[in-house]
Amino acid sequence: MKETPSTVCPFCGAPLTIEGDYCPNCGSKKTQFTEHRQKMKAYNKAFEETKEGVVAENKKFSKNAALIAIAAVLVAVILGEFIAYRNAFTIARKMAANRARANKPAVLSMLKDYEAKDEYLGITTMWDENALRYLSEEPGFKEYDLVKAMCYSYGNVIQSLESMLRTENYYEKGNDEYINLIDQRAGYVGDYYEDFLKRYKNYISGYDPTAKYNTYIAESYKEEHMQTYEKQKENLRALVSYYFDIPYEEMDAFDAMTNVKKNALLCEKAEAKYGEE
């Protein structure tokens with residue numbers, strides 16, 4: 001076992017303490033505690049370095065924790081505002097639906113009037129502004145649920161066509177950017193036209209009132225509504241024929257094309273008619 005350093009001076013016998021490098025009595029250099037003092041100095045140095053590191057980490061952690069706390073508060077505020085806005089919007093929509101319910105005869109009369117005048121976008125506007133989706137299962141409004149769906153699909157074609165025709169108002173006609181945008185918007189016309197045709201096929205031409213498991217709303221197939229669906233289809237066929245220079249007698253063949261071929265033909269026709277100076 002390693003001996004404990006002596007606590008008396010080997011030269012004069014005076015008692016020694018661990019502090020200091022020399023004997024306070026004879027001035028001889030202390031050798032007993034040299035190794036111990038070196039270890040203590042090394043320990044103190046390591047301790048100070050560790051302490052400084054811990055303090056620095058604590059400061060860094062405290063700063064990060066503060067940033068995280070601030071971010072959490074901001075997220076909570078934003079989330080709270082979003083929820084409040086969504087709830088307020090929902091409440092406002094339901095209030096609009098309640099007003100429509102209270103004025104049901106007048107609202108239904110306006111829907112009927114828009115339909116009689118072939119003002120199909122007026123039907124979608126009425127549906128949105130009065131939040132009629134909340135009333136779509138109620139008698140009277142229920143029969144307009146399919147009419148509304150067909151009007152939305154019809155309106156998408158009209159709006160995409162108008163968007164294509166407005167392209168020259170924002171870009172120089174004939175340049176690459178203009179041509180690309182014409183192609184893109186002609187493609188949108190094709191996509192929405194295809195969507196309308198699918199809806200027509202699935203819900204109108206394929207309607208079978210005698211089907212055993214019929215889930216359609218019979219009121220949606222009244223004579224005036226069936227006339228609406230037919231008019232919408234013929235209107236869109238006429239518009240596509242006119243604005244893309246497709247002979248009307250070829251529209252049956254056009255309707256039978258795949259969506260990809262429809263879009264390719266519309267882009268070709270649009271470039272030829274609208275792309276050049």
# chains A, B, ... in the order shown; residues from 1 in each chain; ligands from 1
$ residues_around --residues "Asp176 of chain A" --least-positions-apart "4" --cutoff "12 Å" --atoms "only C-alpha atoms" --output "list in words"
Tyr171, Glu172, Asn180, Leu181, Ile182, Asp183, Glu271, Gly275 and Glu276 of chain A
$ residues_around --residues "segment 150-158 of chain A" --least-positions-apart "6" --cutoff "6 Å" --atoms "only C-alpha atoms" --output "MDAnalysis selection string"
chainID A and resid 120 189 192:193 196
$ write_last_selection --atoms "C-alpha atoms" --output "PDB file, in the first residue's frame"
ATOM      1  CA  TYR A 120     -76.841  27.198 -64.638  1.00  0.00           C
ATOM      2  CA  VAL A 189     -61.092  22.230 -70.898  1.00  0.00           C
ATOM      3  CA  TYR A 192     -63.546  19.110 -67.280  1.00  0.00           C
ATOM      4  CA  TYR A 193     -65.434  18.190 -70.437  1.00  0.00           C
ATOM      5  CA  PHE A 196     -69.056  16.188 -67.429  1.00  0.00           C
TER       6      PHE A 196
END
$ atom_distance --atom1 "atom CA of Cys23 of chain A" --atom2 "atom CA of Cys9 of chain A"
6.8 Å
$ closest_residue --among "A:Glu219, A:Asp128, A:Glu138, A:Glu119" --to "Lys104 of chain A" --atoms "only C-alpha atoms"
A:Glu138
$ closest_residue --among "A:Ile204, A:Ile70, A:Cys267, A:Ala96" --to "Lys233 of chain A" --atoms "only C-alpha atoms"
A:Ile204
$ residues_around --residues "Lys261 of chain A" --least-positions-apart "6" --cutoff "12 Å" --atoms "only C-alpha atoms" --output "ChimeraX atom specification"
/A:187,190-191,194,253-255,267-268
$ write_last_selection --atoms "N, CA and C atoms" --output "compact mmCIF listing (two decimals), in the first residue's frame"
# COMPACT_ATOMS: atom_id res chain seq x y z
N GLY A 187 -56.00 21.82 -72.14
CA GLY A 187 -56.05 20.53 -71.44
C GLY A 187 -57.06 20.55 -70.30
N GLY A 190 -60.42 20.04 -71.71
CA GLY A 190 -60.62 18.63 -72.01
C GLY A 190 -60.92 17.80 -70.77
N ASP A 191 -60.19 18.07 -69.68
CA ASP A 191 -60.41 17.31 -68.44
C ASP A 191 -61.81 17.55 -67.88
N GLU A 194 -64.48 15.98 -70.10
CA GLU A 194 -64.52 14.54 -69.86
C GLU A 194 -65.26 14.23 -68.57
N ALA A 253 -67.70 11.49 -82.48
CA ALA A 253 -66.41 10.79 -82.50
C ALA A 253 -65.47 11.39 -81.46
N PHE A 254 -65.53 12.71 -81.30
CA PHE A 254 -64.69 13.36 -80.29
C PHE A 254 -65.06 12.88 -78.88
N ASP A 255 -66.37 12.82 -78.61
CA ASP A 255 -66.83 12.38 -77.29
C ASP A 255 -66.40 10.95 -76.99
N CYS A 267 -55.40 20.65 -77.72
CA CYS A 267 -54.16 21.43 -77.70
C CYS A 267 -53.73 21.78 -79.13
N GLU A 268 -53.83 20.80 -80.00
CA GLU A 268 -53.47 21.03 -81.41
C GLU A 268 -54.37 22.09 -82.04
$ residues_around --residues "Lys148 of chain A" --least-positions-apart "2" --cutoff "12 Å" --atoms "only C-alpha atoms" --output "compact mmCIF listing (two decimals) with C-alpha atoms, in the first residue's frame"
# COMPACT_ATOMS: atom_id res chain seq x y z
CA LEU A 111 -83.58 27.82 -58.29
CA LYS A 112 -86.47 26.89 -60.56
CA TYR A 114 -82.54 29.96 -62.94
CA GLU A 115 -83.07 26.49 -64.37
CA GLU A 119 -78.70 30.16 -66.08
CA TYR A 120 -76.84 27.20 -64.64
CA LEU A 121 -74.09 29.19 -62.94
CA GLY A 122 -76.84 31.02 -61.03
CA ILE A 123 -77.84 27.67 -59.50
CA THR A 124 -74.32 26.98 -58.22
CA THR A 125 -74.07 30.53 -56.86
CA MET A 126 -77.38 30.14 -55.04
CA TRP A 127 -76.25 26.80 -53.66
CA ASP A 128 -73.01 28.23 -52.30
CA LEU A 132 -77.79 24.57 -49.30
CA ARG A 133 -75.55 21.54 -48.86
CA SER A 136 -79.63 18.66 -49.46
CA PHE A 141 -83.93 20.96 -51.89
CA LYS A 142 -83.20 17.25 -52.25
CA GLU A 143 -84.26 17.10 -55.89
CA TYR A 144 -81.77 19.86 -56.76
CA ASP A 145 -78.79 17.96 -55.39
CA LEU A 146 -78.09 16.23 -58.72
CA MET A 150 -74.33 18.76 -63.02
CA CYS A 151 -74.29 22.57 -62.94
CA TYR A 152 -70.93 22.57 -61.12
CA SER A 153 -69.47 20.21 -63.72
CA TYR A 154 -70.95 22.33 -66.52
CA GLY A 155 -69.55 25.51 -64.94
CA SER A 220 -83.94 14.70 -59.75
CA HIS A 225 -84.41 18.41 -64.94
CA THR A 228 -81.61 20.69 -68.24
CA TYR A 229 -79.08 17.87 -68.46
$ closest_residue --among "A:Pro247, A:Asp252, A:Asp118, A:Ala218" --to "Asn235 of chain A" --atoms "only C-alpha atoms"
A:Asp118
$ atom_distance --atom1 "atom CA of Arg237 of chain A" --atom2 "atom CA of Met251 of chain A"
6.9 Å
$ closest_residue --among "A:Ile246, A:Met110, A:Ala88, A:Ala116" --to "Glu223 of chain A" --atoms "only C-alpha atoms"
A:Ala116
